[in-house]
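Below: one structure, written as structure tokens.
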Amino acid sequence: MSKSKKDGRLSDAARPFRIAHQTLCITGFNFETESMVGYVEMQVHPLRPDLKKVKFNSKHYNDPTLEICQEDGKQRNLDFFENCHYSAMTAVDSDHGNGELAVKLPAEALAIVQEMKMIRICIEFSLEQPRGGVKFVVPDLDGTMLDRGAHLFTYGHENSSRLWFPCVDSYTELCTWKLEFSVDMYMTAVSCGDLIETVYTADLRKKTYHYYLSAPTAAPNIALAVGPFEVFVDPYMHEVTHFCLPHLLPLLKQTTSQLHEAFEFYEELLSCRYPYTCYKQVFVDMAFDEAMPYATLTLFSTNLLHTKNIIDQIPITRQHMANGIAAQFFKCFISMNSWYDCWLPKGITGYLGGLYRRKAFGNNEYRHWVGQELEAVRAYENEVGPIVLDPSVSKETPALYFSIYHPHTISPRYADIYARKAALIIRMLELRLGRELLLQVLNKLLAVATQVAQQKFYLGTWYNMLLSTPAKAISTVTGKDIQPFIQEWVQQGGHARFFGQFVFNRKRNIIELELKQEWTTKGALRYVGPLTVVLQELDGTFNHTFKIEENKTKFEITCHSKSRRHKKKKIPLCTGEEIDMDLGDTDADSPVLWMRIDPEMFILRSVQLEQPDFMWQYLLRYERCVVSQCQAITALTNYPTPKTRLALTDTIESDQCFYRVRIAAAEGLVKVANSMVGSWAGPPAMMTIFRKLFGSHSCPTIVRQNHFNNFQHYFLQKAIPGLMAGLRTVHGICPPDVHGFILDLFKYNDNSKNKYSDNYYRAALIDAVAETITPAVTMVTVTGMCPSTDSLTPDTSLILEELTRYLNLEKLLPCYRLVITVSCLKAIRKLQKFGHLPSDAAIFRSYAEQGNFLDVRLAALEALVDFTKVEGSFEIWQWLLEVIEEDPEPYIRHCLIQMICKNPPFQRKEDSSLSTPALVEKLWKLMNSGFSHDSRLRCDIADLYFTLYGRTRPACLPIPESMMVLNLKEKRTKFNPCVMPDDFMEDDEDEDLNISVGSNEHKRRADSPLHSDPSEFNMRSSLDQNMTVSNASQDDSQFKFKIRINSPEMKSEPSKTSFANEFARFTSKDSLVLDQNPPASLLDHPLDTSIHKRQEDDFVARLSEDSSVGSPVLIQEETVIETVVESMDYDSQMYASADNTPQVMTPSVHSSAPPTPLAEDGVHKAHKAKKKKKKNKHKKRHKHDKERGDRPRDALDSDSLASPPDFEVI
Amino acid sequence: MASASEHLTTEAVCRRAMKVAVSLMCTEAGFALAEDAALETLIEMVISFLTELGRSSRALSELSCRTEVMPGDVALALIEMGQRIDELVSYAKSTKHNVFIPPGHAPQQPPPRILQVGEKKGHPTHIPDYLPSFPDPHTYITTSTHKAPMTEYKLVREKAASQKRDVERALTRFIAKTGETESLFQDDPYAFPLIANRPKPLPYLESLLPKDEEGTAQDEEARIPGPGERTAATQAPPPSPPPDTPTKAENKSLNDSKTEANETESENPIDNPYLRAITMPKLKGVNRKAKW
């Protein structure tokens, strides 16, 4: 790791300017060509008088991720990739003052900068068939776009707004926003902020949505969705609006009916009003993730919608929606200061989501969830390595194959666990501070931010809306110092691992507890601090807190109660209840009933405690904490005795128990039953229970008609058959009783009187029947012979009968989310795997194709992944790789790669026919350059590469050659500037007009794919008063630019200049055009504040004169500027005091005809030659280029009117 | 009329008695069967004989200045009529005569009873007893005539389950046989035919709007409007209408959604920017004047 990675929090000096306000206007959406055209305008406040260059982010422009490791294709190891990857990401990270798009300020503007006044930069851009950032969902149907439900939405991993519009793509750069989107009449454009009005465009064919976001917001929190959405205003809160695709309105109403409760809950909890004035939920197809929160807007997957009669989906959807609201407070409104603070918004959002879970679904559910999250974090840390939430100051970097110092380089799985761990850490903070105090801190943060947000722009004020380590806030509010906590849990990764055992010393009436920590394994941590041990004795529950120190492992706990079991007495529990227990099983001497270590999950830990089985049984029966109960069940599986069986059976039957504990007990019972299969007496485990609970009264062997009114019973009924199917006889097969039992459940299933759908139940039955399948006894000895219909056992053909019936029925009467198809596919794969069916991928192929429902596709792909692993089929493997490369749905690709990682076709160092140099080449290429548009996918591929090949040279590559290359390159990498990008960025004086992007630039010249690719890139840069120089590179998608720099004095509004042609058609000459100014500037920059009465025609005319003059552009421009500035002064005198309220007005109609696709003029040729011809002269050359290019858009372009003729800058 | 009928009946009675006597004589004479006409002729002959006998007897008694007929008169009359009377006494005394015993009266038929089925229902207390009683229950109670249904729960469930399964199986088999299929076995593609999977352009619609809820009729209001119903409502205004038309059309569709949204509180109109009408562009007045 280089030093630059660890310099932690970045000073503002890294970016020598601030943006006060940004306008984003997208006018031409074209669903046919999947393109859009628009411009952004940024009001840039220089922070240094010597600012010469402004850098923005725009992914489609000179993107280093187009080729991360350059130079040679032979150094193939992840460490090298990781280095390059991190450097590449930093090279364009605007928090480091970098950016893909550098705009060199012209001399005229420098004068303005000198006075530290605001300049305005306008960039026009267009996107065609973007591969990332914007998803055009255009179903392949006949009819209009409305009938087809075509829509688009923006997406991205973390800060990825640069994928669709030029901006400062950082969470730290807050500004106010004006967003305008012109869409067709039947479309709705939903974006961030308040919808001020919807206006017809001047030609009345479209309408323009005007949004204004007054709260300072960072560019990554801006999103957009356009489509023929159905609008549903929340009946409880009118400021909340929901959108869904056509035909889904009833579902939308049903799904969002409880949303207001979440709002009320959060507002009450944080005693703070929701920070924005509105909230929008849009349910889109092919979503990037289940839920993607942005400022005032959350995009959800349309698959979260559900009908009234679905049980299983409701909690999931509600939780997603509640998390979306929580993210409004602590991701969008208050955003993070740097990547190292990312754990705060993620953690607080997750924590608040947890609190909602507790409120909506109960405390047990919440605790169980906490327990599960803890387990997930523990498992990941154990497997992969510790997760450091804030790695800025960590002493040693964890040995991972990806860099954790940048959001775009971490593994998606890591990111997932990271967020979950962050939520746990915030919960730990709650336990340490107390809930009230923590909420006060959060409230304080929100209050400060709300206050600041209302202030006008002044350099640095909005800084308070960024979330940095809350130590200070916490110490001011609570007076507690949490620095040690931060050091231990946030700046250090891992969790504590305890191993405990104890004995009772009868003489001294004490418990001697031996508690060991283990910190040598992966992801473990040496914990020092307090630890709670809870002892349940005959006289009650007693808490003991120890100080865990370095080398101390033995602890003594004095028992409070004497052993007095002759008295019949009720035993008090920690909840205050007193209950009768049968103490017959206990140790007669000891008063201890059971022990729990850290029951409140006060620290991140895993505990393995040894205590006798009867203690576990008592714990399971009488303890009220669901997490401890689940632990007891796990422990009890090691004690397969009749007593254990009884305890588990009682738990399953007990209605007092939390249903998840009952299901866990059922799981435990299956394990116990399988362990004691020899001595098991009576019917198979749980058969009696199931019949008692769900059998009909007169005939218990027949299951009752479905009534899912009791959800606990529903979940139990759903779970038990599947678990029973896990029972095995001594021969390792499923007992015939159980088999018949499950088939009877199929047969007698009757949902006619139920008000809920039973699709999940039926799917669970299919899963159960699949679970009964055991490997086939192969009678066929001839190798290569497939199982045929003759070799089917009667049981299997019964199963097959059910499967085919259900699968076929699903075609005619599809159920919600096609869960039955999903289960059937899994079952068929299992039958194939166990040799009952011939292994055949064709059926899964057909379900994995596009045009199937998401869940079905994922299930089929999972089967194919398994198929590839078992059969080693090259063809399917290729096909899967194709899906990874080309599928239109990013979520599918992401899931598929993760599935392959989980179930790889071959292991590291393993010889496999699939492991070929071509595969290495392909993965490397995808990782290195193919997925530049989606960092999640790129990191997914890195995961896959790591899973398949590890960090070293892939085994399939020839050894000697690559070794040599490796050595050679190793030397050369030291000189590789890609590890020192920052230095490189500094000396751009030498580069003069060329924008340098990233450090890799000079290498790209050599053999970068940019040149060899048939580039479609088009870039146009218009020089308005000033000139712009840019350097183009290319993605698959086309991205076009036009950059204009104005000082506000020049008051040339983009709408007027860039669309002047259009504009002139519809605006009268003496119309009053209002300029929209950032509110804050009123105070500091009187020059900016004016509302100009615009002398547009003069201005335009003058400019066109200028342009017609031709070559001595610079001189002409200067004069223009002068004149304009003069008139500006005049204007400002007139208007400066006239109006100092922030004007939120839509000054004009920015109308434009649908974008005409730009002709592709052989840019790439010019591109190659870029460096040689620079300086001022190149302008002329470009003019020629442009004329050659003969673009049809010229007619529309205002540039010919308003500015010197635009030209291709290469 | 009455005397006439009496007379007639007397005559009829005599005639009937005569018929019996004649028949008897015929029987005695050895006939087993006599035609009605022959019998009637005989009866007429007997009657005229007896009438003549009576008249002669009377005339003889009156001749002897008496009013009462004596047996001697009768005997004389018979003799005068040329009959032999010596055999008459022995004939009368012979016991061999068959006697036709007139059929006794059949017992009085009781008036035919009204068929009563089941117990008649008594009057409810508020209806006086003197009112006619209820008719028989069967006249107003319907009873089904089919076989007694199975009532045993187990059998019912069993039967319902197998019926359902048979229907489903038949249906799916039919569809599978008539359409494209996928098969699980290479050797026997018809063993377990699976209906071929077809990609759909909008897969989420099918799977989010399930059709399998047979028993969940309670959710009537959650019924999904068909695609046809909707497209009409949200049909976009024509692409280039005169300036006023889009406003109206759009307002209309907005109103539609508004009414939907207002289901819960119609009196309190919702103020939401998405429900507001689209405004015309600024400066349009000037523009329109210029244009039109």
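Naming works like this for the structure tokens: A, B, ... for the chains as they're shown, residue 1 at the start of each chain, ligands 1 onward in shown order.
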- request: Enumerate as a PyMOL selection string all residues of range 577-710 of chain A assigned to strand (DSSP E) by DSSP on the backbone, naming them with the chain letters and numbers the document uses.
  value: chain A and resi 578-579+592-597+605-610
Please dump the current selection as a CSV table (one decimal), in the first residue's frame; keep N, CA, C and O atoms.
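Result saved to out08.csv:
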```
chain,number,residue,atom,x,y,z
A,578,GLU,N,-42.2,-15.3,37.5
A,578,GLU,CA,-41.8,-16.4,38.4
A,578,GLU,C,-42.5,-17.6,37.8
A,578,GLU,O,-43.7,-17.6,37.6
A,579,ILE,N,-41.7,-18.6,37.7
A,579,ILE,CA,-42.3,-19.8,37.1
A,579,ILE,C,-41.9,-21.1,37.9
A,579,ILE,O,-40.9,-21.1,38.6
A,592,VAL,N,-27.0,-23.4,40.3
A,592,VAL,CA,-27.0,-22.7,39.0
A,592,VAL,C,-27.8,-23.5,38.0
A,592,VAL,O,-27.7,-24.7,37.8
A,593,LEU,N,-28.7,-22.7,37.4
A,593,LEU,CA,-29.6,-23.4,36.3
A,593,LEU,C,-28.9,-23.3,35.0
A,593,LEU,O,-28.9,-24.2,34.2
A,594,TRP,N,-28.5,-22.1,34.6
A,594,TRP,CA,-27.8,-21.9,33.4
A,594,TRP,C,-27.0,-20.6,33.4
A,594,TRP,O,-27.2,-19.8,34.2
A,595,MET,N,-26.1,-20.5,32.4
A,595,MET,CA,-25.3,-19.3,32.3
A,595,MET,C,-25.3,-18.8,30.9
A,595,MET,O,-25.4,-19.5,29.9
A,596,ARG,N,-25.3,-17.5,30.8
A,596,ARG,CA,-25.2,-16.9,29.5
A,596,ARG,C,-24.1,-15.9,29.5
A,596,ARG,O,-23.9,-15.1,30.5
A,597,ILE,N,-23.3,-15.8,28.4
A,597,ILE,CA,-22.2,-14.8,28.3
A,597,ILE,C,-22.6,-13.8,27.4
A,597,ILE,O,-23.0,-14.0,26.2
A,605,ARG,N,-19.0,-10.5,19.1
A,605,ARG,CA,-18.3,-11.6,19.7
A,605,ARG,C,-18.9,-12.9,19.1
A,605,ARG,O,-20.0,-12.9,18.6
A,606,SER,N,-18.1,-14.0,19.3
A,606,SER,CA,-18.7,-15.3,19.2
A,606,SER,C,-18.4,-16.0,20.5
A,606,SER,O,-17.3,-15.8,21.0
A,607,VAL,N,-19.3,-16.7,21.0
A,607,VAL,CA,-19.1,-17.3,22.3
A,607,VAL,C,-19.4,-18.8,22.1
A,607,VAL,O,-20.4,-19.2,21.6
A,608,GLN,N,-18.4,-19.6,22.6
A,608,GLN,CA,-18.7,-21.0,22.7
A,608,GLN,C,-18.6,-21.4,24.2
A,608,GLN,O,-17.5,-21.3,24.8
A,609,LEU,N,-19.7,-21.7,24.8
A,609,LEU,CA,-19.7,-21.9,26.2
A,609,LEU,C,-20.0,-23.4,26.4
A,609,LEU,O,-20.9,-23.9,25.7
A,610,GLU,N,-19.3,-24.0,27.3
A,610,GLU,CA,-19.6,-25.4,27.6
A,610,GLU,C,-20.4,-25.4,28.8
A,610,GLU,O,-20.0,-24.9,29.9
```
- request: Using only C-alpha atoms, determine which residues lie at most 10 Å from range 533-550 of chain A, disregarding the query and same-chain residues fewer than 5 positions distant; provide the list as an NGL selection string.
  value: :A and (511 or 513 or 515-517 or 526-528 or 555-565 or 569-578 or 581 or 583 or 590-600 or 615 or 618-619 or 623)
message: Would you pick out the contacts of Leu213 in chain A at 6 Å or less, using only C-alpha atoms, so that residues sharing its chain but fewer than 6 positions from it are not included, and give the list as number ranges by chain?
response: A: 176-177, 193
Please save N, CA, C and O atoms of the selected residues as a short mmCIF file (atom, residue, chain, number, x, y, z; two decimals), in the first residue's frame.
```
data_model
loop_
_atom_site.label_atom_id
_atom_site.label_comp_id
_atom_site.auth_asym_id
_atom_site.auth_seq_id
_atom_site.Cartn_x
_atom_site.Cartn_y
_atom_site.Cartn_z
N THR A 176 -27.02 23.32 -4.00
CA THR A 176 -28.45 23.26 -4.31
C THR A 176 -28.60 22.88 -5.78
O THR A 176 -27.67 23.04 -6.57
N TRP A 177 -29.78 22.40 -6.11
CA TRP A 177 -29.96 21.84 -7.44
C TRP A 177 -31.22 22.37 -8.09
O TRP A 177 -32.25 22.54 -7.45
N GLY A 193 -35.86 16.45 -5.06
CA GLY A 193 -36.32 17.79 -4.77
C GLY A 193 -37.80 17.98 -5.00
O GLY A 193 -38.54 17.04 -5.29
#
```
message: As an exercise, work out the distance from CA of Trp877 in chain A to CA of Ile900 in chain A in Å and give it to one decimal place.
response: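 Value for the CA of Trp877 in chain A-CA of Ile900 in chain A distance: 10.3 Å.
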- request: Using only C-alpha atoms, pick whichever of A:Pro484, A:Gly835, A:Pro16, A:Pro315 has the shortest atom-to-atom distance to chain B.
  value: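 The shortest atom-to-atom distance to chain B comes from A:Gly835.
Of the residues listed (A:Pro640, A:Pro250, A:Pro275, A:Gly133), A:Pro640 shows the shortest atom-to-atom separation from Lys671 in chain A; distances use only C-alpha atoms.
Minimum atom-to-atom distances from A:Ser411, A:Ile425, A:Met927, A:Leu400 to Cys901 in chain A were compared using only C-alpha atoms, and the lowest value belongs to A:Ser411.
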task: Would you please work out which residue, of A:Lys53, A:Ser338, A:Leu344, A:Thr298, is nearest to Ala322 in chain A when using only C-alpha atoms?
output: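 For Ala322 in chain A, the nearest of the candidates is A:Thr298.
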With only C-alpha atoms as the counted atoms, please give the residues lying no more than 8 Å from range 50-62 of chain B, apart from itself and same-chain residues fewer than 6 positions off, as a compact mmCIF listing (two decimals) with C-alpha atoms, in the first residue's frame.
```
# COMPACT_ATOMS: atom_id res chain seq x y z
CA GLU B 68 -160.96 -61.16 -2.76
CA VAL B 69 -159.28 -63.68 -5.08
CA MET B 70 -159.41 -67.19 -3.75
CA ASP B 73 -160.09 -68.65 -8.76
CA VAL B 74 -156.46 -68.88 -9.58
CA LEU B 76 -159.69 -72.09 -12.47
CA ALA B 77 -157.93 -69.30 -14.31
CA LEU B 78 -154.91 -71.49 -14.88
CA MET B 81 -155.61 -70.74 -19.75
```
message: List the spatial neighbours of Glu40 in chain B as a PyMOL selection string - criterion: any atom at most 10 Å away, only C-alpha atoms, same-chain residues fewer than 4 positions off excluded.
response: chain B and resi 15+18-19+22+34-36+44-46
For the residues selected in the previous step, produce a file with C-alpha atoms as a short mmCIF file (atom, residue, chain, number, x, y, z; two decimals), in the first residue's frame.
```
data_model
loop_
_atom_site.label_atom_id
_atom_site.label_comp_id
_atom_site.auth_asym_id
_atom_site.auth_seq_id
_atom_site.Cartn_x
_atom_site.Cartn_y
_atom_site.Cartn_z
CA ARG B 15 -138.46 -56.66 -13.72
CA MET B 18 -138.46 -61.41 -12.87
CA LYS B 19 -135.07 -61.55 -14.38
CA VAL B 22 -136.40 -66.40 -15.29
CA ALA B 34 -128.32 -66.90 -21.89
CA GLU B 35 -128.14 -63.98 -24.13
CA ASP B 36 -129.63 -60.82 -22.83
CA GLU B 44 -141.71 -60.41 -21.38
CA MET B 45 -143.45 -63.69 -21.92
CA VAL B 46 -143.54 -64.49 -18.22
#
```
task: Just list the residues in range 534-779 of chain A DSSP gives alpha helix (DSSP H) on the backbone, as a PyMOL selection string.
output: chain A and resi 613-622+626-636+642-653+659-675+687-694+711-724+736-748+759-771
field: Residue among B:Asn98, B:Gln108, B:Gln116, B:Ser48 lying closest to Pro135 in chain B, counting only C-alpha atoms
entry: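 Comparing B:Asn98, B:Gln108, B:Gln116, B:Ser48 against Pro135 in chain B, the winner is B:Gln116.
Going from CA of Gly149 in chain A to CA of Phe232 in chain A covers 16.9 Å.
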query: Quick one: residues within 8 Å of range 948-953 of chain A, only C-alpha atoms counted, chain neighbours fewer than 6 positions away excluded, as an NGL selection string?
result: :A and (76-79 or 401 or 901 or 904 or 906-909)
Same residues, N, CA, C and O atoms, output as a short mmCIF file (atom, residue, chain, number, x, y, z; two decimals), in the first residue's frame:
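Output below, filename result.cif:
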```cif
data_model
loop_
_atom_site.label_atom_id
_atom_site.label_comp_id
_atom_site.auth_asym_id
_atom_site.auth_seq_id
_atom_site.Cartn_x
_atom_site.Cartn_y
_atom_site.Cartn_z
N ARG A 76 -0.35 -10.98 -14.55
CA ARG A 76 -1.69 -11.34 -14.14
C ARG A 76 -1.70 -11.72 -12.69
O ARG A 76 -1.62 -12.89 -12.34
N ASN A 77 -1.74 -10.78 -11.80
CA ASN A 77 -2.08 -11.17 -10.44
C ASN A 77 -2.87 -10.07 -9.79
O ASN A 77 -2.81 -8.90 -10.17
N LEU A 78 -3.63 -10.47 -8.79
CA LEU A 78 -4.59 -9.55 -8.22
C LEU A 78 -3.92 -8.42 -7.45
O LEU A 78 -4.45 -7.33 -7.36
N ASP A 79 -2.76 -8.71 -6.90
CA ASP A 79 -2.11 -7.65 -6.13
C ASP A 79 -1.76 -6.48 -7.03
O ASP A 79 -1.96 -5.32 -6.67
N TYR A 401 -7.58 -9.07 -1.04
CA TYR A 401 -7.18 -8.95 -2.44
C TYR A 401 -7.80 -7.73 -3.11
O TYR A 401 -7.74 -7.58 -4.31
N CYS A 901 -18.97 -17.48 -7.46
CA CYS A 901 -17.96 -17.40 -6.40
C CYS A 901 -18.31 -18.37 -5.27
O CYS A 901 -17.43 -18.96 -4.66
N PRO A 904 -17.85 -22.36 -7.08
CA PRO A 904 -17.00 -22.22 -8.28
C PRO A 904 -16.85 -23.56 -9.00
O PRO A 904 -16.84 -24.61 -8.37
N PHE A 906 -14.30 -24.71 -10.39
CA PHE A 906 -13.05 -25.36 -9.98
C PHE A 906 -12.39 -24.49 -8.93
O PHE A 906 -12.65 -23.30 -8.83
N GLN A 907 -11.57 -25.12 -8.15
CA GLN A 907 -10.94 -24.42 -7.05
C GLN A 907 -9.57 -23.92 -7.48
O GLN A 907 -9.07 -24.26 -8.55
N ARG A 908 -9.02 -23.14 -6.62
CA ARG A 908 -7.67 -22.66 -6.85
C ARG A 908 -6.73 -23.85 -7.02
O ARG A 908 -6.87 -24.86 -6.36
N LYS A 909 -5.80 -23.75 -7.89
CA LYS A 909 -4.76 -24.75 -8.10
C LYS A 909 -5.34 -26.07 -8.60
O LYS A 909 -4.65 -27.07 -8.70
#
```
field: For CA of Leu208 in chain B and CA of Ser757 in chain A, the interatomic separation in Å (one decimal)
entry: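 Separation of CA of Leu208 in chain B and CA of Ser757 in chain A: 12.6 Å.
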